[in-house]
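*Asks:* Structure: query.cif, mmCIF, C-alpha atoms.
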```
data_run
loop_
_atom_site.label_atom_id
_atom_site.label_comp_id
_atom_site.auth_asym_id
_atom_site.auth_seq_id
_atom_site.Cartn_x
_atom_site.Cartn_y
_atom_site.Cartn_z
CA MET A 12 74.37 66.50 -139.88
CA GLU A 13 77.99 65.63 -140.18
CA GLY A 14 77.86 65.10 -143.93
CA MET A 15 78.91 68.20 -145.78
CA MET A 16 78.78 68.95 -149.44
CA THR A 17 80.76 71.76 -150.99
CA ALA A 18 80.27 73.48 -154.32
CA HIS A 19 83.63 72.17 -155.53
CA SER A 20 83.51 70.51 -158.95
CA ARG A 21 85.31 67.21 -159.49
CA GLY A 22 84.62 66.66 -163.16
CA CYS A 23 87.06 69.02 -164.94
CA ALA A 24 90.65 68.08 -165.64
CA PRO A 25 93.17 70.91 -165.05
CA HIS A 26 94.69 72.62 -168.06
CA PRO A 27 98.37 71.73 -168.71
CA GLN A 28 99.36 75.36 -168.13
CA GLU A 29 97.52 75.27 -164.82
CA LEU A 30 99.41 72.12 -163.83
CA GLN A 31 102.69 73.87 -164.63
CA GLN A 32 101.65 76.92 -162.60
CA GLN A 33 100.65 74.73 -159.64
CA GLY A 34 103.95 72.92 -159.89
CA ARG A 35 105.87 76.16 -159.45
CA TRP A 36 103.86 77.12 -156.37
CA ALA A 37 104.08 73.59 -154.98
CA ASN A 38 107.89 73.75 -155.02
CA LEU A 39 108.03 76.34 -152.23
CA PRO A 40 109.91 75.05 -149.15
CA PRO A 41 107.36 73.69 -146.63
CA GLU A 42 108.70 75.92 -143.84
CA LEU A 43 108.26 79.05 -145.98
CA LEU A 44 104.82 77.95 -147.16
CA LEU A 45 103.69 77.30 -143.59
CA ASP A 46 104.89 80.74 -142.51
CA VAL A 47 103.09 82.43 -145.42
CA ILE A 48 99.76 80.72 -144.74
CA GLN A 49 100.01 81.31 -140.98
CA ARG A 50 100.54 85.02 -141.61
CA VAL A 51 97.58 85.21 -143.98
CA GLU A 52 95.32 83.31 -141.58
CA ALA A 53 96.32 85.49 -138.62
CA SER A 54 95.91 88.81 -140.45
CA GLU A 55 92.67 88.19 -142.35
CA VAL A 56 90.23 87.61 -139.50
CA GLU A 57 87.16 89.30 -140.98
CA TRP A 58 85.21 88.87 -144.20
CA PRO A 59 85.60 89.79 -147.01
CA GLU A 60 89.37 89.85 -146.38
CA ARG A 61 89.26 86.27 -145.10
CA ARG A 62 88.62 85.11 -148.65
CA HIS A 63 92.40 85.23 -149.05
CA VAL A 64 92.62 82.17 -146.79
CA LEU A 65 90.31 80.35 -149.19
CA ALA A 66 92.53 81.45 -152.05
CA CYS A 67 95.53 79.82 -150.36
CA ALA A 68 93.69 76.51 -150.19
CA ALA A 69 92.81 76.72 -153.88
CA VAL A 70 96.38 77.12 -155.18
CA CYS A 71 97.39 73.45 -155.28
CA ARG A 72 97.39 70.29 -153.19
CA SER A 73 100.39 71.20 -151.01
CA TRP A 74 98.90 74.61 -150.19
CA ARG A 75 95.55 72.98 -149.48
CA ASN A 76 97.06 70.46 -147.06
CA ILE A 77 98.95 73.10 -145.10
CA THR A 78 95.93 75.40 -145.02
CA LYS A 79 93.94 72.51 -143.52
CA GLU A 80 96.55 72.24 -140.76
CA VAL A 81 96.64 75.98 -140.06
CA VAL A 82 92.94 76.88 -140.08
CA ARG A 83 91.19 75.81 -136.90
CA SER A 84 87.52 74.91 -136.44
CA PRO A 85 84.90 77.49 -135.37
CA GLU A 86 84.85 75.87 -131.93
CA GLN A 87 88.55 76.60 -131.53
CA CYS A 88 88.90 80.01 -133.20
CA GLY A 89 85.38 81.43 -133.50
CA GLN A 90 85.79 81.89 -137.26
CA ILE A 91 83.84 80.49 -140.21
CA THR A 92 86.22 79.94 -143.09
CA PHE A 93 85.29 77.00 -145.31
CA PRO A 94 81.89 75.59 -146.31
CA PHE A 95 82.39 72.58 -144.03
CA SER A 96 82.75 75.05 -141.12
CA LEU A 97 78.99 75.57 -141.38
CA LYS A 98 78.47 72.05 -140.04
CA GLN A 99 81.01 72.29 -137.22
CA PRO A 100 80.06 73.40 -133.69
CA GLY A 101 80.46 77.05 -132.79
CA PRO A 102 82.76 78.41 -130.06
CA ARG A 103 82.13 77.51 -126.43
CA ASP A 104 82.70 80.86 -124.74
CA HIS A 105 80.89 83.30 -127.05
CA PRO A 106 78.30 83.17 -129.84
CA ILE A 107 78.87 83.67 -133.55
CA GLN A 108 76.59 86.55 -134.50
CA CYS A 109 74.62 86.37 -137.73
CA PHE A 110 71.47 87.80 -139.26
CA ILE A 111 68.75 86.46 -141.53
CA ARG A 112 67.12 88.44 -144.34
CA ARG A 113 63.68 87.33 -145.53
CA GLU A 114 62.62 87.95 -149.13
CA ARG A 115 58.85 87.64 -149.11
CA ALA A 116 58.45 87.85 -152.89
CA THR A 117 60.62 84.79 -153.52
CA SER A 118 60.04 82.95 -150.20
CA THR A 119 63.81 82.99 -149.71
CA PHE A 120 65.75 83.32 -146.46
CA CYS A 121 69.47 84.21 -146.48
CA LEU A 122 71.84 83.78 -143.53
CA TYR A 123 74.71 86.26 -143.32
CA LEU A 124 77.68 86.57 -141.01
CA GLY A 125 77.74 89.77 -138.97
CA LEU A 126 75.91 91.88 -136.41
CA THR A 127 73.46 93.58 -138.78
CA PRO A 128 73.16 94.25 -142.52
CA SER A 129 75.82 96.65 -143.79
CA LEU A 130 75.00 99.85 -145.65
CA GLN A 131 76.54 98.26 -148.72
CA GLY A 132 74.74 94.93 -148.79
CA GLN A 133 77.17 93.53 -151.33
CA SER A 134 79.86 93.20 -148.64
CA ASP A 135 77.74 91.00 -146.37
CA LYS A 136 79.11 87.44 -146.14
CA LEU A 137 76.44 84.95 -147.24
CA LEU A 138 76.61 81.66 -145.37
CA LEU A 139 73.45 79.76 -146.31
CA ALA A 140 70.16 80.27 -148.13
CA ALA A 141 66.78 78.57 -147.86
CA HIS A 142 63.71 78.45 -150.07
CA LYS A 143 60.26 77.81 -148.66
CA ILE A 144 58.16 75.38 -150.65
CA ARG A 145 54.48 75.54 -149.80
CA ARG A 146 52.25 72.53 -150.08
CA ALA A 147 48.57 72.05 -149.40
CA THR A 148 49.03 70.78 -145.84
CA SER A 149 52.63 71.70 -144.99
CA ALA A 150 55.71 73.68 -145.96
CA ASN A 151 59.33 72.64 -146.41
CA PHE A 152 62.54 74.65 -146.42
CA VAL A 153 65.31 73.58 -148.81
CA ILE A 154 68.76 74.76 -147.67
CA SER A 155 71.63 75.47 -150.05
CA LEU A 156 74.99 77.22 -150.29
CA ASN A 157 73.72 79.04 -153.37
CA PRO A 158 70.72 81.41 -153.14
CA ASP A 159 70.05 80.86 -156.84
CA ASP A 160 70.12 77.06 -156.85
CA PHE A 161 67.86 75.00 -154.58
CA SER A 162 67.83 71.82 -156.62
CA ARG A 163 68.33 68.71 -154.51
CA ALA A 164 70.51 67.34 -157.30
CA SER A 165 72.86 70.32 -157.03
CA SER A 166 76.28 70.14 -155.38
CA THR A 167 75.26 73.12 -153.25
CA TYR A 168 72.26 71.37 -151.66
CA ILE A 169 72.86 70.85 -147.92
CA GLY A 170 69.60 69.77 -146.31
CA LYS A 171 65.99 70.62 -145.56
CA ALA A 172 63.53 71.32 -142.79
CA ARG A 173 60.40 69.25 -143.32
CA GLN A 174 57.05 69.56 -141.62
CA PRO A 175 54.71 66.56 -141.63
CA PRO A 176 51.21 67.25 -142.99
CA HIS A 177 49.04 69.14 -140.54
CA ASP A 178 46.73 66.22 -139.90
CA ALA A 179 49.75 64.13 -138.88
CA ALA A 180 51.64 66.91 -137.13
CA VAL A 181 48.86 68.18 -134.90
CA SER A 182 48.01 65.54 -132.32
CA SER A 183 45.93 65.46 -129.21
CA SER A 184 48.80 67.06 -127.31
CA ASN A 185 48.53 70.16 -129.55
CA ARG A 186 52.08 69.81 -130.82
CA SER A 187 53.38 70.37 -134.34
CA ASN A 188 56.67 68.85 -135.42
CA ARG A 189 59.43 69.64 -137.84
CA ARG A 190 62.28 67.37 -138.85
CA ILE A 191 65.63 68.62 -140.10
CA HIS A 192 67.42 66.45 -142.63
CA SER A 193 70.97 66.80 -143.86
CA ARG A 194 72.62 65.43 -146.95
CA GLN A 195 76.05 63.83 -146.87
CA VAL A 196 78.16 63.10 -149.89
CA SER A 197 81.57 61.48 -149.81
CA PRO A 198 83.63 59.36 -152.17
CA ARG A 199 83.82 56.70 -149.48
CA VAL A 200 80.18 56.43 -148.41
CA PRO A 201 76.89 56.39 -150.32
CA ALA A 202 75.02 59.65 -150.65
CA GLY A 203 71.78 60.07 -148.77
CA ASN A 204 69.74 62.02 -146.24
CA TYR A 205 69.59 61.50 -142.51
CA ASN A 206 67.61 63.04 -139.68
CA ILE A 207 69.59 65.40 -137.47
CA ALA A 208 66.87 66.98 -135.34
CA THR A 209 63.18 66.97 -134.52
CA ILE A 210 61.57 70.23 -133.40
CA SER A 211 58.26 70.34 -131.59
CA TYR A 212 56.12 73.42 -131.02
CA GLU A 213 53.69 72.97 -128.16
CA LEU A 214 50.52 74.82 -127.25
CA ASN A 215 51.30 78.37 -126.17
CA ILE A 216 49.00 79.06 -123.24
CA LEU A 217 49.89 82.75 -123.52
CA ARG A 218 48.75 82.73 -127.15
CA THR A 219 50.72 85.41 -129.01
CA ARG A 220 51.77 87.31 -125.87
CA GLY A 221 54.83 85.20 -125.28
CA PRO A 222 57.36 82.91 -126.96
CA ARG A 223 56.13 79.63 -128.37
CA ARG A 224 57.18 76.57 -126.42
CA MET A 225 59.85 74.70 -128.34
CA ARG A 226 61.54 71.37 -127.83
CA CYS A 227 64.44 70.35 -130.09
CA THR A 228 65.75 66.80 -130.01
CA MET A 229 69.23 66.88 -131.55
CA HIS A 230 69.75 63.36 -132.93
CA SER A 231 73.37 64.08 -133.91
CA ILE A 232 74.44 65.71 -130.62
CA PRO A 233 74.71 63.64 -127.42
CA VAL A 234 73.64 65.10 -124.08
CA SER A 235 77.17 64.33 -122.88
CA SER A 236 78.41 67.16 -125.14
CA VAL A 237 77.32 69.78 -122.60
CA ARG A 238 78.90 68.04 -119.63
CA GLU A 239 82.37 68.99 -118.47
CA GLY A 240 84.87 67.59 -120.96
CA GLY A 241 82.15 66.70 -123.46
CA SER A 242 82.51 67.09 -127.22
CA VAL A 243 80.61 66.82 -130.49
CA ALA A 244 81.74 64.75 -133.44
CA ALA A 245 81.91 67.02 -136.48
CA PRO A 246 83.10 66.96 -140.09
CA SER A 247 86.86 66.76 -140.46
CA SER A 248 88.84 69.49 -142.15
CA GLY A 249 88.69 67.92 -145.59
CA LEU A 250 88.17 70.75 -148.03
CA ASP A 251 86.46 68.76 -150.74
CA GLU A 252 84.99 65.76 -148.99
CA SER A 253 82.68 64.96 -146.09
CA ASN A 254 82.16 62.34 -143.49
CA ALA A 255 79.50 59.71 -142.96
CA PRO A 256 76.69 60.56 -140.53
CA VAL A 257 77.73 60.39 -136.90
CA ARG A 258 75.96 57.87 -134.71
CA ILE A 259 75.89 59.19 -131.17
CA ASN A 260 76.22 57.02 -128.11
CA GLY A 261 73.66 57.54 -125.38
CA GLU A 262 70.79 59.99 -125.16
CA PRO A 263 70.47 62.89 -127.61
CA LEU A 264 70.70 66.48 -126.42
CA ILE A 265 67.33 68.17 -125.94
CA LEU A 266 66.98 71.93 -126.17
CA LYS A 267 64.05 73.96 -124.88
CA ASN A 268 63.14 77.61 -125.14
CA LYS A 269 64.09 79.71 -122.15
CA ALA A 270 61.03 80.74 -120.16
CA PRO A 271 60.26 84.49 -120.22
CA ARG A 272 59.80 86.56 -117.09
CA TRP A 273 56.92 88.90 -116.41
CA HIS A 274 57.98 92.56 -116.42
CA GLU A 275 55.75 94.51 -114.05
CA GLN A 276 56.54 97.95 -115.44
CA LEU A 277 56.15 96.96 -119.06
CA GLN A 278 53.29 94.55 -118.30
CA CYS A 279 54.61 91.92 -120.70
CA TRP A 280 56.69 88.75 -120.86
CA CYS A 281 60.37 89.53 -121.50
CA LEU A 282 63.66 87.82 -122.33
CA ASN A 283 67.08 89.42 -122.11
CA PHE A 284 68.50 89.39 -125.63
CA ARG A 285 71.37 91.70 -124.64
CA GLY A 286 70.45 94.30 -127.22
CA ARG A 287 70.40 91.89 -130.16
CA VAL A 288 66.59 91.90 -130.54
CA THR A 289 64.65 95.17 -130.77
CA VAL A 290 61.18 94.24 -132.08
CA ALA A 291 58.66 92.21 -130.09
CA SER A 292 57.57 89.08 -131.96
CA VAL A 293 56.15 85.67 -131.15
CA LYS A 294 58.98 84.30 -133.29
CA ASN A 295 61.69 85.50 -130.88
CA PHE A 296 63.23 82.74 -128.76
CA GLN A 297 66.26 81.57 -126.80
CA LEU A 298 67.23 77.89 -126.52
CA VAL A 299 68.96 76.25 -123.57
CA ALA A 300 69.81 72.66 -122.68
CA ALA A 301 67.01 70.67 -121.05
CA ALA A 302 68.48 67.97 -118.83
CA ASP A 303 67.27 66.25 -115.67
CA PRO A 304 69.65 65.83 -112.70
CA SER A 305 70.54 62.26 -113.70
CA ARG A 306 72.32 63.64 -116.80
CA HIS A 307 74.89 65.46 -114.64
CA VAL A 308 74.65 68.69 -116.60
CA SER A 309 75.70 71.67 -114.48
CA PRO A 310 73.17 74.46 -113.72
CA ALA A 311 75.45 76.91 -115.52
CA GLU A 312 75.31 74.86 -118.73
CA GLN A 313 71.54 74.61 -118.46
CA GLU A 314 71.32 78.42 -118.26
CA LYS A 315 73.66 79.05 -121.19
CA VAL A 316 71.82 80.25 -124.29
CA VAL A 317 73.13 78.19 -127.23
CA LEU A 318 70.84 79.83 -129.81
CA GLN A 319 68.86 83.04 -129.83
CA PHE A 320 66.75 84.41 -132.64
CA GLY A 321 64.78 87.60 -132.87
CA LYS A 322 63.44 90.43 -134.96
CA ILE A 323 65.25 93.76 -135.45
CA GLY A 324 63.35 95.19 -138.41
CA LYS A 325 61.03 94.42 -141.28
CA ASP A 326 62.17 91.03 -142.59
CA ILE A 327 65.51 91.25 -140.72
CA PHE A 328 66.28 88.88 -137.81
CA THR A 329 69.38 88.20 -135.75
CA MET A 330 70.67 84.66 -135.13
CA ASP A 331 73.41 84.06 -132.56
CA TYR A 332 74.61 80.51 -131.95
CA GLN A 333 77.40 78.72 -130.12
CA TYR A 334 78.59 75.25 -129.12
CA PRO A 335 77.26 72.58 -129.44
CA LEU A 336 75.21 73.83 -132.43
CA SER A 337 76.56 74.46 -135.91
CA ALA A 338 75.49 77.27 -138.23
CA PHE A 339 73.49 74.82 -140.35
CA GLN A 340 71.64 73.39 -137.35
CA ALA A 341 70.93 76.84 -135.91
CA PHE A 342 69.68 78.20 -139.25
CA ALA A 343 67.39 75.21 -139.80
CA ILE A 344 65.89 75.59 -136.32
CA CYS A 345 65.27 79.30 -136.91
CA LEU A 346 63.58 78.60 -140.25
CA THR A 347 60.92 76.56 -138.51
CA SER A 348 59.91 79.67 -136.57
CA PHE A 349 58.83 81.37 -139.81
CA ASP A 350 56.07 78.88 -140.48
CA THR A 351 52.63 79.56 -139.00
CA LYS A 352 51.61 76.91 -136.50
CA PRO A 353 47.90 76.88 -135.72
CA ALA A 354 48.53 74.56 -132.79
CA CYS A 355 50.78 77.13 -131.15
CA GLU A 356 49.07 80.46 -131.68
#
```
Just give me the structure of the file as structure tokens.
*Replies:*
Amino acid sequence: MEGMMTAHSRGCAPHPQELQQQGRWANLPPELLLDVIQRVEASEVEWPERRHVLACAAVCRSWRNITKEVVRSPEQCGQITFPFSLKQPGPRDHPIQCFIRRERATSTFCLYLGLTPSLQGQSDKLLLAAHKIRRATSANFVISLNPDDFSRASSTYIGKARQPPHDAAVSSSNRSNRRIHSRQVSPRVPAGNYNIATISYELNILRTRGPRRMRCTMHSIPVSSVREGGSVAAPSSGLDESNAPVRINGEPLILKNKAPRWHEQLQCWCLNFRGRVTVASVKNFQLVAAADPSRHVSPAEQEKVVLQFGKIGKDIFTMDYQYPLSAFQAFAICLTSFDTKPACE
């Protein structure tokens, strides 16, 4: 998952007047430039105002380099700033709250930053978009930075969630699988796709009265990441390049859906979404780490919800994620919940 592609174009040479303009800005004393960018970064903590931080990085090379030093990763500051931030782990102590809007007519799903849709939808910060492609025996989701461009040849293409054909996906164990693939592009490594996760939906013995049983094997996240002092390798802070896929050492992290509890008064299975989910749906879920005692993962870490997804209205769903998942990984996992799984319901 560590490969990240931005929408930045490399093919156009700058105009001579632009070079002259950049030269003037580049001649600012480094101490003054650092102070300016630090002030902008500290003051513009919410979107759309945070776009001014992006503008600083776009001025010229010297501004870009200092902006890279100033802006911290989502894990460190809890903020999503640059496109490569979407493939970096979220914060450890609180989730990043997002919502997904489904457009049934176009089979499009858009991920936005924020608690809920704003009254003026134009101000919502779009993070990622996905398009569902139906086939005779399966369905795939293509994920892009641009909701109007889902071509795999495009610079905005990020990855896909792929379901094997039903005859291959549904086995004797009544489990259907989905694989999440990411694309990495870098001037130093060949472009290509690589598998970052495999998601299994198992037979739901409660049928549609409770959450579907999920099991996510995160091939790019080691189980050691949720131990004390653990970490996740993520894309560096290069603004216009990406890293080669990360090969983890040891066992991959496995996530499972948190088991619901029976509510006697309501006579139904319930999960505590802390007010972020308001409509009952079989799609709603919470994911926690699944680790046996030999992995030395503390009980507190195994209880921590790293991703929760649920319905709040017609075609509107919340998605809250935190370390060790990235926004891209969380979004791809949630997309798989939108596909009907006859083996699960």
*Asks:* Find the residues near Pro263 of chain A: any atom within 9 Å, counting only C-alpha atoms, skip ones fewer than 4 places away on the same chain, and give them as a PyMOL selection string.
*Replies:* chain A and resi 228-235+259
*Asks:* Taking the file as shown, find all residues satisfying the PyMOL selection byres ((chain A and resi 338) around 8) and write them as a list in words.
*Replies:* Leu97, Lys98, Gln99, Pro100, Gly101, Tyr332, Leu336, Ser337, Phe339, Gln340, Ala341 and Phe342 of chain A
*Asks:* Quick one: residues within 12 Å of (87.6, 88.3, -142.9) (file frame), counting all atoms listed in the file, please, as a ChimeraX atom specification.
*Replies:* /A:51-65,89-93,124-125,134-136
*Asks:* If you count all atoms listed in the file, which residues fall within 10 Å of segment 306-315 of chain A, apart from same-chain ones fewer than 4 positions away, as a PyMOL selection string?
*Replies:* chain A and resi 104+234-239+262+266-267+269+297-302+333
*Asks:* Can you spit out the residues from that selection as a tab-separated table (two decimals), in the coordinates of the input, using C-alpha atoms?
*Replies:*
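Printed below is selection.tsv as written:
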```
chain	number	residue	atom	x	y	z
A	104	ASP	CA	82.70	80.86	-124.74
A	234	VAL	CA	73.64	65.10	-124.08
A	235	SER	CA	77.17	64.33	-122.88
A	236	SER	CA	78.41	67.16	-125.14
A	237	VAL	CA	77.32	69.78	-122.60
A	238	ARG	CA	78.90	68.04	-119.63
A	239	GLU	CA	82.37	68.99	-118.47
A	262	GLU	CA	70.79	59.99	-125.16
A	266	LEU	CA	66.98	71.93	-126.17
A	267	LYS	CA	64.05	73.96	-124.88
A	269	LYS	CA	64.09	79.71	-122.15
A	297	GLN	CA	66.26	81.57	-126.80
A	298	LEU	CA	67.23	77.89	-126.52
A	299	VAL	CA	68.96	76.25	-123.57
A	300	ALA	CA	69.81	72.66	-122.68
A	301	ALA	CA	67.01	70.67	-121.05
A	302	ALA	CA	68.48	67.97	-118.83
A	333	GLN	CA	77.40	78.72	-130.12
```
*Asks:* Report, in Å with one decimal, the straight-line distance from atom CA of Phe120 of chain A to atom CA of Ala140 of chain A.
*Replies:*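 Taking atom CA of Phe120 of chain A and atom CA of Ala140 of chain A, their separation equals 5.6 Å.
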*Asks:* Using all atoms listed in the file, pick whichever of A:Asn260, A:Val47, A:Arg272, A:Gln108 has the shortest atom-to-atom distance to Ala244 of chain A.
*Replies:*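 Of the candidates, the smallest distance to Ala244 of chain A is held by A:Asn260.
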*Asks:* Between atom CA of Tyr205 of chain A and atom CA of Gly170 of chain A, what is the distance in Å, rounded to a tenth?
*Replies:*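 Here the two named atoms are 9.1 Å from each other.
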*Asks:* With distances taken over all atoms listed in the file, which residue among A:Tyr334, A:Phe349, A:Phe328, A:Tyr212 lies nearest Pro128 of chain A?
*Replies:*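 Smallest separation from Pro128 of chain A among the options: A:Phe328.
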*Asks:* I want to know what sits within 9 Å of Ala141 of chain A, based on only C-alpha atoms, with residues of the same chain fewer than 3 positions away left out; could you give that as a list in words?
*Replies:*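 That gives Ser118, Thr119, Phe120, Cys121, Leu122, Phe152, Val153, Ile154, Ser155, Leu156, Asn157, Pro158, Phe161, Lys171, Ala343 and Leu346 of chain A.
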*Asks:* Can you list, as JSON, numbers by chain, the residues that the PyMOL selection byres ((chain A and resi 321) around 7) selects here?
*Replies:* {"A": [288, 294, 295, 296, 319, 320, 322, 323, 328, 329, 330]}
*Asks:* Store the residues of this selection in a file with C-alpha atoms, as a PDB file, keeping the file's coordinate frame.
*Replies:*
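Contents of part.pdb, freshly written:
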```
ATOM      1  CA  VAL A 288      66.590  91.900-130.540  1.00  0.00           C
ATOM      2  CA  LYS A 294      58.980  84.300-133.290  1.00  0.00           C
ATOM      3  CA  ASN A 295      61.690  85.500-130.880  1.00  0.00           C
ATOM      4  CA  PHE A 296      63.230  82.740-128.760  1.00  0.00           C
ATOM      5  CA  GLN A 319      68.860  83.040-129.830  1.00  0.00           C
ATOM      6  CA  PHE A 320      66.750  84.410-132.640  1.00  0.00           C
ATOM      7  CA  LYS A 322      63.440  90.430-134.960  1.00  0.00           C
ATOM      8  CA  ILE A 323      65.250  93.760-135.450  1.00  0.00           C
ATOM      9  CA  PHE A 328      66.280  88.880-137.810  1.00  0.00           C
ATOM     10  CA  THR A 329      69.380  88.200-135.750  1.00  0.00           C
ATOM     11  CA  MET A 330      70.670  84.660-135.130  1.00  0.00           C
TER      12      MET A 330
END
```
*Asks:* Can you tell me how far atom CA of Ala150 of chain A sits from atom CA of Gln174 of chain A, in Å to one decimal?
*Replies:*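 Atom CA of Ala150 of chain A sits 6.1 Å away from atom CA of Gln174 of chain A.
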*Asks:* Take the PyMOL selection byres ((chain A and resi 41-45) around 9), run it mentally on this structure, and tell me the resulting residues as JSON, numbers by chain.
*Replies:* {"A": [37, 38, 39, 40, 46, 47, 48, 49, 50, 73, 74, 77, 78, 81]}
*Asks:* Take the residues that were just selected and, keeping C-alpha atoms, output them as an mmCIF file, in the coordinates of the input.
*Replies:*
```cif
data_model
loop_
_atom_site.group_PDB
_atom_site.id
_atom_site.type_symbol
_atom_site.label_atom_id
_atom_site.label_comp_id
_atom_site.auth_asym_id
_atom_site.auth_seq_id
_atom_site.Cartn_x
_atom_site.Cartn_y
_atom_site.Cartn_z
ATOM 1 C CA ALA A 37 104.080 73.590 -154.980
ATOM 2 C CA ASN A 38 107.890 73.750 -155.020
ATOM 3 C CA LEU A 39 108.030 76.340 -152.230
ATOM 4 C CA PRO A 40 109.910 75.050 -149.150
ATOM 5 C CA ASP A 46 104.890 80.740 -142.510
ATOM 6 C CA VAL A 47 103.090 82.430 -145.420
ATOM 7 C CA ILE A 48 99.760 80.720 -144.740
ATOM 8 C CA GLN A 49 100.010 81.310 -140.980
ATOM 9 C CA ARG A 50 100.540 85.020 -141.610
ATOM 10 C CA SER A 73 100.390 71.200 -151.010
ATOM 11 C CA TRP A 74 98.900 74.610 -150.190
ATOM 12 C CA ILE A 77 98.950 73.100 -145.100
ATOM 13 C CA THR A 78 95.930 75.400 -145.020
ATOM 14 C CA VAL A 81 96.640 75.980 -140.060
#
```
